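Chemist: Below is one structure. I have some questions about it.
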Amino acid sequence: MEEIGIMCYINGELRTGSNGLEYDSGPVKCIRVPKRIKYAEFHARLCKSLKVDRRREYLTIICRCPSTINNSTHYSPVAVADDEDLYSMLQHASAQGPGFILEIYLHRHALHDESLSRVQSHNTLDPIPENIFMESPTSRRQYDQLSSHVAGEASASLRPYSPITDSEAPGEDIGDGEDIPDLNVDPHFNIEVDDDDIIEAPEEDLFAEYVPNPFYTDVNIAGARAVNPVIVPNAQWELHNEFYNGMLFSTKAELKNTIKYWHIMNHVAFVVVESKKDTWDIRCKLHEQGCKWRLRGHFSKKFEKFQITKLDVAHSCVYSGMTQDHYNLDKGIIAEYIKNTINEDPTTPGAVLLTMIKDHFHYSPSLSKIFKAKKKAINLVFGNWEESYNELPRYLNALCVTNPGTRFEWKVNPTNHPGQVIFQRVFWTFGPSIEAFHHCRPVLQIDGTFLCGKYTGKLLVATGVDGNNSLVPVAFAVVEEENTDSWGWFLSLIRMHVTQRVGICLISDRHAGIIAAASDPRNGWTEPYGYHRFCVRHIASNFHKTHKNMKAKNLLIHTASQTQKRKFDKYFKKFVQLDSEYAAWIGRIPLEQWALAHDGGHRFDFMTTNLGECMNNVLKGARQVPITALVRLTFYRCVKYFVEHRAYINAQLGAGNQYTTDTIEKIQNWAERAGGHELRQFHTGLGIIEIKTQFRGWQARKGGNQHTVRLNERTCTCNKPQQYILPCSHVIAACASMHLNYTDFIGEWYKLRNQELVYTPQFNPVMHDDYWPEFQFPHVVPDMSKLRKKGRPKTHRFHNEMDITESSRQLRCGLCRQEGHNRKNCPNITRY
């Protein structure tokens, strides 16, 4: 590791010479440090090398930075106060070459009476420096004195770095004693905490439901957003002040969190001597080394608050045992700090939370502590898991009252306790979503995803498709597992509460439970009431797992996506010629369930369950929160989704458009091709016309095909009008030859007026829980057999070749140069 040589001048005098900053004589010590060293370790090495007692002294560091001006070297003073300053200094030294010796000026400061006097006066306003790794607090006045001492006769531009707080705007003139740092505190911090450090959620405003937090309304939850966290001392007390006898706190929790936070930020530690309901007694962790600091708080009946009743000698020590983690930085303090971030996005990774903790507290707790704090923060923000199950019936009933048409169904198991049941399943669908699906295309994509909270389970989602190929959330369910019984229960409730339309195409993966449930006539999805089709991506993935041939997999997808039977036969022949086993494998799946050309026009060209997967991604954050919060999330995100699409459609109508944007793009593309087609009319009355397409593409290898259009039957041999319910280029050309309007062949789903009807249904706010109507329902408890085992929960599914984008580089063998495998499992190599 590259090291930088540093010459340290100690307690000398600074002056300005002809070449800038110069040092007067003083003790000199040489050290070498790694190029990537952090400020905390650098400061500790200096203190150790110079034998600085960090309990009574601290160092200020000024670097003598060289620069070349008119072929002469000029030296400027630069203060080093944090990691960024140190990194810049060492990078500059490294750039000068291996023989360069860096020079720094160190000044030892004693913790004199002015610094310690803050213990007795809680009105002192000297702030803590922004750099928390300074082992003792440095007031603004001391920095100003150092600045004037360094600058002397030099230009004011040589003034060293002086840390300021976030509350000071650039350019403001702040006098001594008037600079109050931004502590990121909330004066309304008042949370009761028991001795076992379990924090209850704060009481919300009466009508808080009318303004849901961003977690419920933000549709795109990818990535974590940093939020100013809240760790709050007393409202009438600032962090840079000290404690004093008689100081009042609203609750014991406020007393504990304030003192913990103060010790963490001032690099001291305490241990608890006694903790009771009305008493909290602590002392310095260094009491065995002679530190007499002790604090005792009692509940005051006079003030009905907690009061500091005994405060011994104030702190004048720094606990040197805390190099990475802090003794008092527990999961409760971390949970309070990260709860705003968890409120925004419960999926925030532990590594991101750890970075936030490092940036604010300048300590690095273990990831285990971070995950425990994250669990506590989820409970703090979204409520208790067990109580959430019992709250859910009342919340769903309130949804039904405020949003007519909303439906929900339960399935519970009895217990030995009267009036108590065990949760098994719940189904819910919103009234506006039911109305919206009536105006969507008859396609329903279903998918399931796992829950990753305290209790295991599966979230089932049914998604419709509007005329612009946008998803429409239709129905949801939380079940114990994905099996025939749970999927049959879910599909039958969709038929009962959502739609009785005949001919709906159900698209899913080839899960055995879904296949069995859709094949059961009692559930209402057998033909002709429903048509079950499979996702081609899942079929191709299963094929690749068996045969390990990427070329064959891609050819299978291409074959399945053909709308014309002649093209399907052409590519299917190539597919089976690759290996005779391929035909037997794909032959076990009914042809109409995977091939678009043999579909019969039911799946509307939707070959995959991508929309269902997108919905699962939108609801990813819901999988980590208690069940009532999960239902709230689906409600508020549906609200926002409808509001945004309603505004977009109104803008399109205001612009004079009659069809959806996706439809307009397709029609324009096909209309351009129609101009080059050759036509022959065979029967004017029946509208039978033969179309010969123009040659196009690179070297004109595409085109030149013949198609037959039957306008009276609204068909074309290209099969696109039957699949899309849209006029293809051949129909457009035929309509032009017979002076007909091809827009008559556009399905009703693609018209903006119909699209407007999809998002017209109105959601209504849910009243505060104090106004929820009474709902007679047994006490619901979670199934303890579904309690998640210890360990880090899985939040992402295992990726496979389905997650490789088409533009990604394909895997290629280094021996035979074929795609789909590597040299380790190459099938073309004879192995002995």
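Just remember, in the structure tokens the first chain shown is A, the second B, etc., residues are 1-based per chain, and ligands are 1-based in the order shown.
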Can you check which residues of region 524-713 of chain A DSSP gives as strand (DSSP E or B) on the backbone and send them as a list in words?
Modeler: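 Going through region 524-713 of chain A, the strand (DSSP E or B) residues come out as Gly530, Tyr531, His532, Arg533, Phe534, Tyr659, Glu678, Leu679, Arg680, Gln681, Phe682, His683, Ile688, Ile689, Glu690, Ile691, Lys692, Arg696, Lys702, Gln706, His707, Thr708, Val709 and Arg710 of chain A.
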Chemist: Go ahead and save the residues from that selection, with N, CA and C atoms, as a CSV table (one decimal), in the first residue's frame.
Modeler:
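Writing done, so here's selection-v1.csv:
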```csv
chain,number,residue,atom,x,y,z
A,530,GLY,N,-63.6,-19.0,-20.3
A,530,GLY,CA,-62.3,-18.4,-20.2
A,530,GLY,C,-61.3,-19.3,-21.0
A,531,TYR,N,-60.2,-18.7,-21.4
A,531,TYR,CA,-59.2,-19.4,-22.2
A,531,TYR,C,-57.8,-19.2,-21.4
A,532,HIS,N,-57.2,-20.3,-21.1
A,532,HIS,CA,-56.0,-20.2,-20.3
A,532,HIS,C,-54.8,-20.3,-21.3
A,533,ARG,N,-53.9,-19.3,-21.2
A,533,ARG,CA,-52.7,-19.3,-22.0
A,533,ARG,C,-51.5,-19.1,-21.2
A,534,PHE,N,-50.3,-19.6,-21.7
A,534,PHE,CA,-49.1,-19.6,-20.9
A,534,PHE,C,-48.2,-18.5,-21.3
A,659,TYR,N,-57.6,8.3,-30.4
A,659,TYR,CA,-57.2,7.0,-30.0
A,659,TYR,C,-56.0,7.1,-29.1
A,678,GLU,N,-49.7,-3.8,-53.7
A,678,GLU,CA,-50.5,-4.0,-55.0
A,678,GLU,C,-51.8,-4.7,-54.6
A,679,LEU,N,-52.9,-4.2,-55.3
A,679,LEU,CA,-54.2,-4.8,-55.0
A,679,LEU,C,-54.9,-5.4,-56.2
A,680,ARG,N,-55.7,-6.4,-56.0
A,680,ARG,CA,-56.6,-7.0,-57.0
A,680,ARG,C,-57.9,-7.3,-56.3
A,681,GLN,N,-59.0,-6.7,-56.8
A,681,GLN,CA,-60.3,-7.0,-56.2
A,681,GLN,C,-60.9,-8.2,-56.9
A,682,PHE,N,-61.5,-9.1,-56.0
A,682,PHE,CA,-62.1,-10.3,-56.4
A,682,PHE,C,-63.6,-10.2,-56.3
A,683,HIS,N,-64.1,-9.5,-55.2
A,683,HIS,CA,-65.5,-9.5,-55.0
A,683,HIS,C,-65.8,-8.2,-54.3
A,688,ILE,N,-63.7,-8.8,-50.9
A,688,ILE,CA,-62.5,-9.8,-51.0
A,688,ILE,C,-61.5,-9.2,-51.9
A,689,ILE,N,-60.3,-9.0,-51.4
A,689,ILE,CA,-59.2,-8.3,-52.1
A,689,ILE,C,-57.9,-9.1,-51.9
A,690,GLU,N,-57.2,-9.2,-52.9
A,690,GLU,CA,-55.8,-9.8,-52.8
A,690,GLU,C,-54.8,-8.7,-52.7
A,691,ILE,N,-53.9,-8.9,-51.8
A,691,ILE,CA,-52.8,-7.8,-51.5
A,691,ILE,C,-51.5,-8.5,-51.8
A,692,LYS,N,-50.6,-7.8,-52.5
A,692,LYS,CA,-49.2,-8.2,-52.7
A,692,LYS,C,-48.4,-7.1,-52.1
A,696,ARG,N,-39.1,-4.8,-49.1
A,696,ARG,CA,-38.6,-3.8,-48.2
A,696,ARG,C,-37.4,-4.5,-47.4
A,702,LYS,N,-37.3,-8.6,-47.7
A,702,LYS,CA,-38.6,-8.8,-47.0
A,702,LYS,C,-39.7,-8.3,-48.0
A,706,GLN,N,-48.3,-12.6,-50.6
A,706,GLN,CA,-49.7,-12.4,-50.9
A,706,GLN,C,-50.6,-12.6,-49.7
A,707,HIS,N,-51.6,-11.7,-49.5
A,707,HIS,CA,-52.5,-11.9,-48.4
A,707,HIS,C,-53.9,-11.6,-49.0
A,708,THR,N,-54.9,-12.3,-48.4
A,708,THR,CA,-56.3,-12.1,-48.8
A,708,THR,C,-57.0,-11.4,-47.7
A,709,VAL,N,-57.7,-10.3,-48.0
A,709,VAL,CA,-58.5,-9.5,-47.1
A,709,VAL,C,-59.9,-9.7,-47.3
A,710,ARG,N,-60.7,-10.0,-46.3
A,710,ARG,CA,-62.2,-10.1,-46.4
A,710,ARG,C,-62.8,-9.1,-45.5
```
Chemist: Write out as a list in words all residues of region 438-494 of chain A that DSSP puts in alpha helix (DSSP H) for this structure's backbone.
Modeler: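 Taking region 438-494 of chain A and keeping alpha helix (DSSP H) gives Thr484, Asp485, Ser486, Trp487, Gly488, Trp489, Phe490, Leu491, Ser492, Leu493 and Ile494 of chain A.
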Chemist: Print the selection's residues with all heavy atoms to a file, as a short mmCIF file (atom, residue, chain, number, x, y, z; two decimals), in the first residue's frame.
Modeler:
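out-v5.cif, freshly written:
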```cif
data_model
loop_
_atom_site.label_atom_id
_atom_site.label_comp_id
_atom_site.auth_asym_id
_atom_site.auth_seq_id
_atom_site.Cartn_x
_atom_site.Cartn_y
_atom_site.Cartn_z
N THR A 484 -53.06 -25.57 -5.59
CA THR A 484 -54.33 -25.68 -6.32
C THR A 484 -55.48 -25.05 -5.54
O THR A 484 -56.33 -24.35 -6.12
CB THR A 484 -54.63 -27.16 -6.62
OG1 THR A 484 -53.55 -27.72 -7.37
CG2 THR A 484 -55.92 -27.30 -7.42
N ASP A 485 -55.51 -25.28 -4.23
CA ASP A 485 -56.61 -24.78 -3.42
C ASP A 485 -56.59 -23.25 -3.35
O ASP A 485 -57.63 -22.61 -3.52
CB ASP A 485 -56.52 -25.37 -2.02
CG ASP A 485 -57.72 -25.00 -1.16
OD1 ASP A 485 -58.86 -25.09 -1.64
OD2 ASP A 485 -57.50 -24.56 -0.01
N SER A 486 -55.43 -22.66 -3.11
CA SER A 486 -55.36 -21.21 -2.97
C SER A 486 -55.62 -20.50 -4.30
O SER A 486 -56.33 -19.49 -4.35
CB SER A 486 -53.99 -20.79 -2.41
OG SER A 486 -52.95 -21.18 -3.27
N TRP A 487 -55.06 -21.04 -5.41
CA TRP A 487 -55.32 -20.42 -6.70
C TRP A 487 -56.78 -20.61 -7.13
O TRP A 487 -57.39 -19.71 -7.72
CB TRP A 487 -54.38 -21.00 -7.76
CG TRP A 487 -53.05 -20.32 -7.83
CD1 TRP A 487 -51.84 -20.85 -7.51
CD2 TRP A 487 -52.82 -18.97 -8.24
NE1 TRP A 487 -50.85 -19.91 -7.69
CE2 TRP A 487 -51.42 -18.74 -8.15
CE3 TRP A 487 -53.62 -17.92 -8.66
CZ2 TRP A 487 -50.82 -17.54 -8.47
CZ3 TRP A 487 -53.03 -16.71 -8.99
CH2 TRP A 487 -51.65 -16.52 -8.89
N GLY A 488 -57.35 -21.77 -6.84
CA GLY A 488 -58.77 -21.96 -7.16
C GLY A 488 -59.66 -21.02 -6.36
O GLY A 488 -60.65 -20.48 -6.90
N TRP A 489 -59.32 -20.80 -5.09
CA TRP A 489 -60.06 -19.86 -4.25
C TRP A 489 -59.98 -18.45 -4.81
O TRP A 489 -60.97 -17.73 -4.91
CB TRP A 489 -59.49 -19.93 -2.83
CG TRP A 489 -60.14 -19.06 -1.82
CD1 TRP A 489 -61.34 -19.28 -1.18
CD2 TRP A 489 -59.62 -17.85 -1.28
NE1 TRP A 489 -61.60 -18.27 -0.29
CE2 TRP A 489 -60.56 -17.38 -0.32
CE3 TRP A 489 -58.46 -17.12 -1.50
CZ2 TRP A 489 -60.37 -16.21 0.40
CZ3 TRP A 489 -58.26 -15.95 -0.77
CH2 TRP A 489 -59.20 -15.50 0.15
N PHE A 490 -58.79 -18.04 -5.23
CA PHE A 490 -58.57 -16.70 -5.77
C PHE A 490 -59.33 -16.51 -7.09
O PHE A 490 -60.04 -15.51 -7.28
CB PHE A 490 -57.07 -16.48 -5.96
CG PHE A 490 -56.70 -15.12 -6.49
CD1 PHE A 490 -56.99 -13.97 -5.79
CD2 PHE A 490 -56.04 -15.00 -7.72
CE1 PHE A 490 -56.63 -12.72 -6.27
CE2 PHE A 490 -55.68 -13.76 -8.20
CZ PHE A 490 -55.97 -12.61 -7.48
N LEU A 491 -59.21 -17.47 -8.01
CA LEU A 491 -59.86 -17.34 -9.32
C LEU A 491 -61.38 -17.39 -9.20
O LEU A 491 -62.10 -16.68 -9.93
CB LEU A 491 -59.37 -18.44 -10.25
CG LEU A 491 -57.89 -18.34 -10.68
CD1 LEU A 491 -57.50 -19.55 -11.52
CD2 LEU A 491 -57.63 -17.05 -11.44
N SER A 492 -61.90 -18.20 -8.29
CA SER A 492 -63.35 -18.27 -8.13
C SER A 492 -63.90 -16.97 -7.55
O SER A 492 -65.00 -16.53 -7.92
CB SER A 492 -63.72 -19.45 -7.24
OG SER A 492 -63.19 -19.27 -5.92
N LEU A 493 -63.14 -16.30 -6.67
CA LEU A 493 -63.59 -15.02 -6.11
C LEU A 493 -63.52 -13.91 -7.15
O LEU A 493 -64.32 -12.97 -7.10
CB LEU A 493 -62.73 -14.66 -4.89
CG LEU A 493 -62.96 -15.53 -3.65
CD1 LEU A 493 -62.04 -15.13 -2.52
CD2 LEU A 493 -64.42 -15.46 -3.20
N ILE A 494 -62.59 -14.00 -8.08
CA ILE A 494 -62.57 -13.03 -9.18
C ILE A 494 -63.84 -13.18 -10.01
O ILE A 494 -64.47 -12.18 -10.40
CB ILE A 494 -61.31 -13.22 -10.05
CG1 ILE A 494 -60.05 -12.82 -9.27
CG2 ILE A 494 -61.41 -12.40 -11.34
CD1 ILE A 494 -58.76 -13.05 -10.02
#
```
Chemist: Closest to Arg637 (chain A) among A:Pro761, A:Pro721, A:Pro590, A:Pro473, using only C-alpha atoms?
Modeler: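 Looking only at the distances to Arg637 (chain A), the closest residue turns out to be A:Pro473.
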Chemist: Provide the CA of Ala512 (chain A) to CA of Val443 (chain A) distance in Å, to one decimal place.
Modeler: 20.5 Å
Chemist: Taking only C-alpha atoms into account, name the residue in A:Val498, A:Ala335, A:Leu102, A:Leu726 that is nearest to Glu665 (chain A).
Modeler: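 For Glu665 (chain A), the nearest of the given residues is A:Leu726.
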Chemist: Taking 6 positions as the minimum chain separation for residues in the same chain, which residues sit within 10 Å of Leu787 (chain A) when counting only C-alpha atoms? Answer as a VMD selection string.
Modeler: chain A and resid 453 to 457
